[in-house]
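Here the structure is laid out as C-alpha cells; the discussion comes afterwards.
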Amino acid sequence: MLDSLTQQPPDALLALIKFYDADPRADKIDLGVGVYRTADGATPVFRAIKAAEQRLVDGQASKAYLGPEGDMGFVHALVPHVFGAAVPAEGRLDGMQTPGGTGAVRLALALAKKAGVKRVLMGTPSWPNHAQILADLGLELVAFDHSAPDGTCNMASLRAALAAAGEGDAVLLHGCCHNPTGIDYSPAQWDEIAQLVRDSGVLPVIDLAYQGLGEGMDEDAYGMRKVVSQMEEALVAYSCDKNFGLYRDRVGAFYMICKDAQATQRAVSNAAALARANWSMPPDHGGAAVRMVLEDEALTADWLAELDDMRSRIRQVRAKLAASSNAGGVDLTPYGRQQGMFAMLPVSKEQVQALREDHGIYMAASGRINVAGLTMGNIDKFVSSLAAVTG
Ligand SMILES: Cc1ncc(COP(=O)(O)O)c(C=O)c1O
C-alpha cells in the first residue's frame, strides 16, 4: 500500500537554507526562512529565556506527564499580555497550551469543524500552512484578496466575502504582522471588521503569531481584542515562538471565548479530546520557560525590552527601504507602512532566480522576503540588485 504514495514536494524554504549555506559569496543575503535576525544575522536566545531556562534546570523537580491542556500556569500567565483589558467576563475565556502556533491553528480549526463549520473564509496570500491545515481537515477554503495593488488591505474583497457568508462559516484573520504581505488592518478597519463579523454570524478565528513585532504589544492585539469584545464566540491561536524566540521549542496557546461558562467548559473538553488524539500533550520546556519569565517582574521587563529592540530594528530597516523609494521597477515606499517581518516583492520566479544566482540574494519563489534578513549594511546592495533584475 505504501508503494502507491506519490512524491510530495520538499519544503522549498528549507531547501533554500542548503543552497544559501553552500554559497561561498561573502556578501550573500538570506531573506528566506522566517526567523528574526539581529544586525549580525544571528537569531539569539532571549536573555530572559536563558535566565528562566537556567532556573528550570536548577529547580525543576519532575518531568512527569501533564494533561492534554499542558501547563495551565503558562496559559493563564499569558492572558493579560494577549487580551489586556479585553478579557471577557468570568468563565467565558479559557485556553490550553499547544505545540506552537501551528498546533493552536490546527486545534482552532478542528474545533470549529467539530462545532459544525464547513467553510473558512481567508484572505490570500496567507501563510501556506493555513491552506494545508484546512485541506487536511476537509474544510472548504473560501478565498478573498487580502491586499490591493497599492499595498494596502483589500477591504472591498473582505466585505464582499463576509456579506456572502453566514452561520456554518468561519473567517480566519491574521491578528498582526500579516505573513506573507506585512499588510495589516488599521484600527479603523478592525472596528469595521468586528462589526461586519458580528453582523454576518461567522465564527472569527484569529491567528496572532507575531504580537510585539509590529507596533507594540497592545497595538498588535488591537484587532483581536476588538473582535473578542464584540463577539459572543471567538477562537484565538497564539504563538510564543517569535516574540520569545523559542521557534524549535514549539510554544503556543489556544484560547476559546464562548457565550457563557458552561459553553466554555464544553469547548475546552472538546479541544482537549482533539489535542489528545493529535499529540497527546504539548512539549513542556519552552512553555515552562515563558511562564517563569511572566511570573517574574524583572524577567518580564527584560523580555519586553528585548522585544522592543527587535521591533525597532525591523522598523528601522523598513524605514530605510522605504526611503530608497525606487528599485528599478519596484516602488519601495509601501514597505515603510507595512508591519512585521514579512513583505512580498512584485517579482517573477525568474527574477527571484536571478537575484539568487547573479546577486546571492535568497528568498522564497513567491517573492516573500524576511525583512529581518536585511541590515543597514546590506540594504543598498539589496536595492541595487533588485533594480538590476527588475529595471
Ligand atoms: C501566520 C502564522 N501563524 C502561525 C505560525 C506558526 O508558528 P509556530 O512556529 O509557533 O508554529 C506562523 C509561522 O510562521 C505564521 O506565520
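Labeling convention for the C-alpha cells: chains A, B, ... as they appear, residues from 1 per chain, ligands from 1 in order of appearance.
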Within 12 Å of A:Val228, counting only C-alpha atoms, which residues qualify if same-chain residues fewer than 2 places away don't, as a short mmCIF file (atom, residue, chain, number, x, y, z; two decimals) with N, CA and C atoms, in the first residue's frame?
```
data_model
loop_
_atom_site.label_atom_id
_atom_site.label_comp_id
_atom_site.auth_asym_id
_atom_site.auth_seq_id
_atom_site.Cartn_x
_atom_site.Cartn_y
_atom_site.Cartn_z
N VAL A 82 -1.92 39.03 26.24
CA VAL A 82 -2.63 38.79 24.98
C VAL A 82 -3.92 39.61 24.93
N PHE A 83 -4.69 39.57 26.01
CA PHE A 83 -6.04 40.16 25.96
C PHE A 83 -6.12 41.55 26.60
N GLY A 84 -5.14 41.95 27.40
CA GLY A 84 -5.16 43.28 28.02
C GLY A 84 -6.45 43.49 28.78
N ALA A 85 -7.08 44.65 28.53
CA ALA A 85 -8.32 44.97 29.23
C ALA A 85 -9.53 44.30 28.58
N ALA A 86 -9.28 43.55 27.49
CA ALA A 86 -10.41 42.94 26.77
C ALA A 86 -10.72 41.52 27.25
N VAL A 87 -10.21 41.15 28.44
CA VAL A 87 -10.50 39.80 28.95
C VAL A 87 -12.01 39.67 29.14
N PRO A 88 -12.63 38.68 28.50
CA PRO A 88 -14.09 38.53 28.62
C PRO A 88 -14.51 38.21 30.06
N ALA A 89 -15.79 38.41 30.33
CA ALA A 89 -16.31 38.20 31.69
C ALA A 89 -15.98 36.80 32.19
N ARG A 92 -15.94 33.06 30.57
CA ARG A 92 -16.17 33.00 29.12
C ARG A 92 -14.89 32.71 28.33
N LEU A 93 -13.75 32.83 29.00
CA LEU A 93 -12.46 32.60 28.31
C LEU A 93 -11.70 31.48 28.99
N GLY A 175 -3.90 38.37 13.19
CA GLY A 175 -4.03 39.45 14.17
C GLY A 175 -3.12 40.63 13.86
N TRP A 190 -10.19 47.53 11.60
CA TRP A 190 -10.58 46.48 12.56
C TRP A 190 -11.95 46.78 13.17
N ASP A 191 -12.20 48.06 13.46
CA ASP A 191 -13.51 48.42 14.04
C ASP A 191 -14.62 47.99 13.08
N ILE A 193 -14.33 45.67 10.69
CA ILE A 193 -14.33 44.21 10.56
C ILE A 193 -15.09 43.57 11.72
N ALA A 194 -14.85 44.07 12.93
CA ALA A 194 -15.52 43.49 14.10
C ALA A 194 -17.04 43.58 13.92
N GLN A 195 -17.49 44.73 13.43
CA GLN A 195 -18.93 44.92 13.21
C GLN A 195 -19.44 43.97 12.11
N VAL A 197 -18.14 41.14 11.08
CA VAL A 197 -18.09 39.74 11.52
C VAL A 197 -19.30 39.46 12.41
N ARG A 198 -19.57 40.40 13.28
CA ARG A 198 -20.72 40.26 14.18
C ARG A 198 -22.02 40.16 13.39
N LEU A 203 -17.94 32.61 12.53
CA LEU A 203 -17.10 32.41 13.71
C LEU A 203 -15.70 32.98 13.43
N PRO A 204 -15.24 33.97 14.20
CA PRO A 204 -13.90 34.50 13.95
C PRO A 204 -12.81 33.62 14.57
N VAL A 205 -11.81 33.32 13.77
CA VAL A 205 -10.62 32.60 14.24
C VAL A 205 -9.44 33.52 13.98
N ILE A 206 -8.78 33.96 15.05
CA ILE A 206 -7.71 34.94 14.87
C ILE A 206 -6.36 34.31 15.19
N ALA A 221 -2.38 43.77 19.25
CA ALA A 221 -3.53 42.95 19.66
C ALA A 221 -4.84 43.71 19.48
N TYR A 222 -4.76 44.94 18.97
CA TYR A 222 -5.97 45.79 18.90
C TYR A 222 -7.13 45.07 18.21
N GLY A 223 -6.86 44.54 17.02
CA GLY A 223 -7.92 43.95 16.21
C GLY A 223 -8.53 42.73 16.88
N MET A 224 -7.66 41.85 17.38
CA MET A 224 -8.16 40.64 18.04
C MET A 224 -9.02 41.03 19.24
N ARG A 225 -8.51 41.99 20.05
CA ARG A 225 -9.27 42.40 21.24
C ARG A 225 -10.61 43.03 20.85
N LYS A 226 -10.60 43.79 19.78
CA LYS A 226 -11.84 44.43 19.32
C LYS A 226 -12.87 43.36 18.95
N GLN A 230 -16.52 42.25 20.89
CA GLN A 230 -17.81 42.42 20.21
C GLN A 230 -18.58 41.12 20.04
N MET A 231 -17.88 40.00 20.21
CA MET A 231 -18.48 38.72 19.82
C MET A 231 -18.81 37.85 21.03
N GLU A 232 -19.84 37.03 20.88
CA GLU A 232 -20.12 36.03 21.92
C GLU A 232 -19.12 34.90 21.85
N GLU A 233 -18.65 34.63 20.60
CA GLU A 233 -17.75 33.48 20.40
C GLU A 233 -16.58 33.89 19.52
N ALA A 234 -15.40 33.43 19.89
CA ALA A 234 -14.21 33.66 19.05
C ALA A 234 -13.14 32.64 19.45
N LEU A 235 -12.25 32.34 18.50
CA LEU A 235 -11.13 31.45 18.78
C LEU A 235 -9.84 32.20 18.47
N VAL A 236 -8.84 32.04 19.33
CA VAL A 236 -7.57 32.74 19.13
C VAL A 236 -6.43 31.73 19.17
N TYR A 255 -6.91 29.84 22.66
CA TYR A 255 -7.92 30.41 23.57
C TYR A 255 -9.30 30.32 22.94
N MET A 256 -10.27 29.96 23.77
CA MET A 256 -11.67 29.86 23.33
C MET A 256 -12.49 30.88 24.11
N ILE A 257 -13.25 31.69 23.40
CA ILE A 257 -14.17 32.65 24.04
C ILE A 257 -15.57 32.18 23.67
N CYS A 258 -16.38 31.86 24.67
CA CYS A 258 -17.71 31.30 24.42
C CYS A 258 -18.78 32.15 25.11
N LYS A 259 -20.02 31.75 24.87
CA LYS A 259 -21.19 32.51 25.33
C LYS A 259 -21.26 32.62 26.85
#
```
For stretch 350-352 of chain A, find every residue with an atom within 8 Å (counting only C-alpha atoms), except residues of its own chain fewer than 2 positions away, and show them as a ChimeraX atom specification.
/A:347-348,354-356,362-365,367,389-390
Step by step, measure atom-to-atom distances between ligand 1 and each residue using only C-alpha atoms and all ligand atoms, keep those at most 10 Å, then write them as a JSON list (two decimals) with N, CA and C atoms, in the first residue's frame.
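Output file result-v5.json follows:
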```
[["chain", "number", "residue", "atom", "x", "y", "z"],
["A", 33, "VAL", "N", 14.01, 31.98, 5.28],
["A", 33, "VAL", "CA", 13.26, 31.43, 6.42],
["A", 33, "VAL", "C", 12.83, 32.54, 7.38],
["A", 34, "GLY", "N", 11.61, 32.39, 7.94],
["A", 34, "GLY", "CA", 11.02, 33.46, 8.75],
["A", 34, "GLY", "C", 11.42, 33.45, 10.20],
["A", 35, "VAL", "N", 12.68, 33.69, 10.48],
["A", 35, "VAL", "CA", 13.08, 33.88, 11.88],
["A", 35, "VAL", "C", 13.68, 35.27, 12.01],
["A", 98, "THR", "N", -0.38, 24.60, 23.39],
["A", 98, "THR", "CA", -0.31, 23.82, 22.15],
["A", 98, "THR", "C", 1.14, 23.76, 21.65],
["A", 99, "PRO", "N", 1.44, 22.77, 20.79],
["A", 99, "PRO", "CA", 2.77, 22.75, 20.18],
["A", 99, "PRO", "C", 2.87, 23.88, 19.14],
["A", 100, "GLY", "N", 3.33, 25.02, 19.56],
["A", 100, "GLY", "CA", 3.50, 26.18, 18.68],
["A", 100, "GLY", "C", 2.18, 26.79, 18.25],
["A", 101, "GLY", "N", 2.30, 27.87, 17.49],
["A", 101, "GLY", "CA", 1.12, 28.50, 16.91],
["A", 101, "GLY", "C", 0.46, 27.55, 15.92],
["A", 102, "THR", "N", 1.26, 26.70, 15.29],
["A", 102, "THR", "CA", 0.71, 25.74, 14.32],
["A", 102, "THR", "C", -0.29, 24.82, 15.01],
["A", 103, "GLY", "N", 0.09, 24.31, 16.19],
["A", 103, "GLY", "CA", -0.82, 23.44, 16.95],
["A", 103, "GLY", "C", -2.09, 24.19, 17.32],
["A", 104, "ALA", "N", -1.94, 25.48, 17.65],
["A", 104, "ALA", "CA", -3.11, 26.28, 18.04],
["A", 104, "ALA", "C", -4.04, 26.49, 16.85],
["A", 105, "VAL", "N", -3.46, 26.77, 15.67],
["A", 105, "VAL", "CA", -4.28, 26.95, 14.47],
["A", 105, "VAL", "C", -5.00, 25.63, 14.15],
["A", 106, "ARG", "N", -4.26, 24.55, 14.23],
["A", 106, "ARG", "CA", -4.83, 23.23, 13.95],
["A", 106, "ARG", "C", -6.02, 22.94, 14.88],
["A", 126, "SER", "N", -1.72, 33.81, 2.05],
["A", 126, "SER", "CA", -1.62, 33.66, 3.50],
["A", 126, "SER", "C", -0.43, 32.76, 3.81],
["A", 127, "TRP", "N", -0.18, 32.56, 5.07],
["A", 127, "TRP", "CA", 0.83, 31.58, 5.49],
["A", 127, "TRP", "C", 0.44, 30.24, 4.85],
["A", 128, "PRO", "N", 1.33, 29.61, 4.06],
["A", 128, "PRO", "CA", 0.91, 28.43, 3.28],
["A", 128, "PRO", "C", 0.32, 27.31, 4.12],
["A", 129, "ASN", "N", 0.74, 27.20, 5.38],
["A", 129, "ASN", "CA", 0.22, 26.11, 6.20],
["A", 129, "ASN", "C", -1.26, 26.27, 6.55],
["A", 130, "HIS", "N", -1.77, 27.49, 6.48],
["A", 130, "HIS", "CA", -3.22, 27.66, 6.71],
["A", 130, "HIS", "C", -4.01, 26.79, 5.74],
["A", 173, "LEU", "N", -8.42, 35.22, 10.38],
["A", 173, "LEU", "CA", -7.77, 36.53, 10.22],
["A", 173, "LEU", "C", -6.41, 36.54, 10.92],
["A", 174, "HIS", "N", -5.44, 37.20, 10.31],
["A", 174, "HIS", "CA", -4.13, 37.38, 10.97],
["A", 174, "HIS", "C", -4.27, 38.56, 11.93],
["A", 175, "GLY", "N", -3.90, 38.37, 13.19],
["A", 175, "GLY", "CA", -4.03, 39.45, 14.17],
["A", 175, "GLY", "C", -3.12, 40.63, 13.86],
["A", 176, "CYS", "N", -1.88, 40.34, 13.44],
["A", 176, "CYS", "CA", -0.93, 41.42, 13.11],
["A", 176, "CYS", "C", 0.21, 40.83, 12.29],
["A", 177, "CYS", "N", 1.03, 41.73, 11.73],
["A", 177, "CYS", "CA", 2.25, 41.33, 11.00],
["A", 177, "CYS", "C", 1.93, 40.23, 9.98],
["A", 178, "HIS", "N", 1.00, 40.54, 9.10],
["A", 178, "HIS", "CA", 0.50, 39.55, 8.15],
["A", 178, "HIS", "C", 1.63, 38.82, 7.42],
["A", 179, "ASN", "N", 1.53, 37.50, 7.42],
["A", 179, "ASN", "CA", 2.50, 36.66, 6.70],
["A", 179, "ASN", "C", 1.79, 36.09, 5.47],
["A", 180, "PRO", "N", 2.18, 36.41, 4.25],
["A", 180, "PRO", "CA", 3.48, 36.95, 3.85],
["A", 180, "PRO", "C", 3.51, 38.44, 3.48],
["A", 206, "ILE", "N", -8.78, 33.96, 15.05],
["A", 206, "ILE", "CA", -7.71, 34.94, 14.87],
["A", 206, "ILE", "C", -6.36, 34.31, 15.19],
["A", 207, "ASP", "N", -5.46, 34.41, 14.22],
["A", 207, "ASP", "CA", -4.13, 33.84, 14.36],
["A", 207, "ASP", "C", -3.18, 34.98, 14.73],
["A", 208, "LEU", "N", -2.71, 34.97, 15.97],
["A", 208, "LEU", "CA", -1.84, 36.04, 16.46],
["A", 208, "LEU", "C", -0.46, 35.42, 16.71],
["A", 209, "ALA", "N", 0.40, 35.49, 15.71],
["A", 209, "ALA", "CA", 1.68, 34.77, 15.79],
["A", 209, "ALA", "C", 2.86, 35.70, 16.00],
["A", 210, "TYR", "N", 2.63, 37.02, 15.92],
["A", 210, "TYR", "CA", 3.77, 37.94, 15.97],
["A", 210, "TYR", "C", 3.52, 39.13, 16.89],
["A", 237, "ALA", "N", -5.62, 31.72, 18.11],
["A", 237, "ALA", "CA", -4.42, 30.88, 18.06],
["A", 237, "ALA", "C", -3.22, 31.78, 18.29],
["A", 238, "TYR", "N", -2.40, 31.43, 19.26],
["A", 238, "TYR", "CA", -1.29, 32.31, 19.67],
["A", 238, "TYR", "C", 0.05, 31.58, 19.59],
["A", 239, "SER", "N", 1.05, 32.28, 19.12],
["A", 239, "SER", "CA", 2.41, 31.70, 19.11],
["A", 239, "SER", "C", 3.34, 32.51, 19.99],
["A", 240, "CYS", "N", 4.15, 31.83, 20.79],
["A", 240, "CYS", "CA", 5.23, 32.48, 21.54],
["A", 240, "CYS", "C", 6.57, 32.21, 20.85],
["A", 241, "ASP", "N", 6.53, 31.56, 19.70],
["A", 241, "ASP", "CA", 7.78, 31.14, 19.08],
["A", 241, "ASP", "C", 8.57, 32.31, 18.49],
["A", 242, "LYS", "N", 7.87, 33.36, 18.09],
["A", 242, "LYS", "CA", 8.58, 34.52, 17.52],
["A", 242, "LYS", "C", 8.88, 35.54, 18.61],
["A", 243, "ASN", "N", 7.84, 35.91, 19.41],
["A", 243, "ASN", "CA", 8.07, 37.02, 20.35],
["A", 243, "ASN", "C", 8.83, 36.59, 21.61],
["A", 245, "GLY", "N", 11.28, 34.08, 20.85],
["A", 245, "GLY", "CA", 12.42, 33.47, 20.15],
["A", 245, "GLY", "C", 12.57, 31.98, 20.42],
["A", 246, "LEU", "N", 11.45, 31.27, 20.57],
["A", 246, "LEU", "CA", 11.52, 29.87, 21.01],
["A", 246, "LEU", "C", 11.25, 28.85, 19.90],
["A", 247, "TYR", "N", 11.30, 29.33, 18.68],
["A", 247, "TYR", "CA", 10.89, 28.56, 17.48],
["A", 247, "TYR", "C", 10.88, 27.03, 17.64],
["A", 248, "ARG", "N", 12.05, 26.46, 17.88],
["A", 248, "ARG", "CA", 12.12, 24.98, 17.86],
["A", 248, "ARG", "C", 11.55, 24.34, 19.13],
["A", 249, "ASP", "N", 11.31, 25.15, 20.14],
["A", 249, "ASP", "CA", 10.72, 24.59, 21.36],
["A", 249, "ASP", "C", 9.20, 24.47, 21.27],
["A", 250, "ARG", "N", 8.60, 25.06, 20.24],
["A", 250, "ARG", "CA", 7.19, 24.85, 19.92],
["A", 250, "ARG", "C", 6.25, 25.29, 21.05],
["A", 251, "VAL", "N", 6.13, 26.61, 21.19],
["A", 251, "VAL", "CA", 5.33, 27.15, 22.29],
["A", 251, "VAL", "C", 4.15, 27.96, 21.75],
["A", 252, "GLY", "N", 2.95, 27.47, 22.03],
["A", 252, "GLY", "CA", 1.77, 28.19, 21.58],
["A", 252, "GLY", "C", 0.63, 28.02, 22.56],
["A", 253, "ALA", "N", -0.44, 28.76, 22.33],
["A", 253, "ALA", "CA", -1.63, 28.65, 23.17],
["A", 253, "ALA", "C", -2.87, 28.84, 22.32],
["A", 341, "MET", "N", 7.79, 41.08, 10.05],
["A", 341, "MET", "CA", 9.00, 40.55, 9.41],
["A", 341, "MET", "C", 8.87, 40.34, 7.91],
["A", 342, "PHE", "N", 7.62, 40.30, 7.40],
["A", 342, "PHE", "CA", 7.48, 39.84, 6.01],
["A", 342, "PHE", "C", 7.00, 40.91, 5.05]]
```
Give me every strand (DSSP E or B) residue in stretch 140-236 of chain A, going by DSSP on the backbone, as a VMD selection string.
chain A and resid 140 to 145 147 153 169 to 174 203 to 208 234 to 236
Using only C-alpha atoms, please write the residues we just selected to a file, as a PDB file, in the first residue's frame.
```
ATOM      1  CA  GLU A 140     -13.502  24.294   2.340  1.00  0.00           C
ATOM      2  CA  LEU A 141     -11.326  27.376   1.824  1.00  0.00           C
ATOM      3  CA  VAL A 142     -13.249  30.431   0.587  1.00  0.00           C
ATOM      4  CA  ALA A 143     -10.517  32.810  -0.563  1.00  0.00           C
ATOM      5  CA  PHE A 144     -10.720  36.582  -0.848  1.00  0.00           C
ATOM      6  CA  ASP A 145      -7.962  39.025  -1.796  1.00  0.00           C
ATOM      7  CA  SER A 147      -4.274  43.040  -0.409  1.00  0.00           C
ATOM      8  CA  CYS A 153      -5.710  45.951   2.658  1.00  0.00           C
ATOM      9  CA  ASP A 169     -18.764  29.631   8.154  1.00  0.00           C
ATOM     10  CA  ALA A 170     -15.642  30.835   9.935  1.00  0.00           C
ATOM     11  CA  VAL A 171     -13.235  33.605   8.989  1.00  0.00           C
ATOM     12  CA  LEU A 172      -9.510  33.190   9.614  1.00  0.00           C
ATOM     13  CA  LEU A 173      -7.770  36.529  10.215  1.00  0.00           C
ATOM     14  CA  HIS A 174      -4.132  37.383  10.969  1.00  0.00           C
ATOM     15  CA  LEU A 203     -17.098  32.412  13.713  1.00  0.00           C
ATOM     16  CA  PRO A 204     -13.899  34.501  13.954  1.00  0.00           C
ATOM     17  CA  VAL A 205     -10.620  32.595  14.243  1.00  0.00           C
ATOM     18  CA  ILE A 206      -7.707  34.938  14.866  1.00  0.00           C
ATOM     19  CA  ASP A 207      -4.129  33.842  14.358  1.00  0.00           C
ATOM     20  CA  LEU A 208      -1.836  36.043  16.455  1.00  0.00           C
ATOM     21  CA  ALA A 234     -14.212  33.656  19.045  1.00  0.00           C
ATOM     22  CA  LEU A 235     -11.129  31.445  18.779  1.00  0.00           C
ATOM     23  CA  VAL A 236      -7.573  32.745  19.127  1.00  0.00           C
TER      24      VAL A 236
END
```
Please provide the set of residues having any atom within 12 Å of A:Asp21, restricted to only C-alpha atoms, with same-chain residues fewer than 5 positions apart removed, written as a VMD selection string.
chain A and resid 14 to 16 26 28 to 30 360 362
Nearby residues (only C-alpha atoms) at most 6 Å from stretch 310-326 of chain A, same-chain spacing under 2 positions excluded, as a short mmCIF file (atom, residue, chain, number, x, y, z; two decimals) with N, CA and C atoms, in the first residue's frame:
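So selection-v5.cif came out as:
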```cif
data_model
loop_
_atom_site.label_atom_id
_atom_site.label_comp_id
_atom_site.auth_asym_id
_atom_site.auth_seq_id
_atom_site.Cartn_x
_atom_site.Cartn_y
_atom_site.Cartn_z
N LEU A 213 5.88 42.42 17.46
CA LEU A 213 6.87 42.62 16.37
C LEU A 213 6.40 43.65 15.34
N LEU A 307 12.28 42.59 23.18
CA LEU A 307 11.28 42.58 22.10
C LEU A 307 11.18 43.98 21.46
N ASP A 308 11.26 45.01 22.29
CA ASP A 308 11.26 46.40 21.78
C ASP A 308 12.43 46.61 20.82
N VAL A 330 10.39 48.58 -9.04
CA VAL A 330 9.67 48.34 -7.78
C VAL A 330 9.63 49.59 -6.91
N ASP A 331 8.42 50.02 -6.53
CA ASP A 331 8.25 51.15 -5.61
C ASP A 331 8.38 50.60 -4.19
N LEU A 332 9.38 51.07 -3.46
CA LEU A 332 9.63 50.51 -2.13
C LEU A 332 8.90 51.27 -1.01
N THR A 333 8.25 52.39 -1.34
CA THR A 333 7.66 53.19 -0.27
C THR A 333 6.60 52.45 0.57
N TYR A 335 6.62 49.59 1.77
CA TYR A 335 7.21 48.71 2.79
C TYR A 335 7.42 49.44 4.11
N GLY A 336 7.49 50.76 4.05
CA GLY A 336 7.64 51.54 5.28
C GLY A 336 6.35 51.59 6.08
N ALA A 372 13.76 41.01 8.28
CA ALA A 372 14.79 40.96 9.33
C ALA A 372 16.12 40.42 8.81
#
```
Please return as a PyMOL selection string: the residues of stretch 85-224 of chain A that backbone DSSP assigns to helix (DSSP H, G or I).
chain A and resi 85-86+100-114+128-137+155-163+187-200+217-220+222-224
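The spacing separating atom CA of A:Asn154 from atom CA of A:Pro346 amounts to 16.7 Å.
Separating atom CA of A:Val290 from atom CA of A:Pro44 is a distance of 15.7 Å.
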Quick one: residues within 10 Å of A:Ala163, only C-alpha atoms, excluding same-chain residues fewer than 4 positions away - as a ChimeraX atom specification?
/A:157-159,196-197,199-200
Interatomic distance, atom CA of A:Leu274 to atom CA of A:Gln132 (Å, one decimal)
18.0 Å
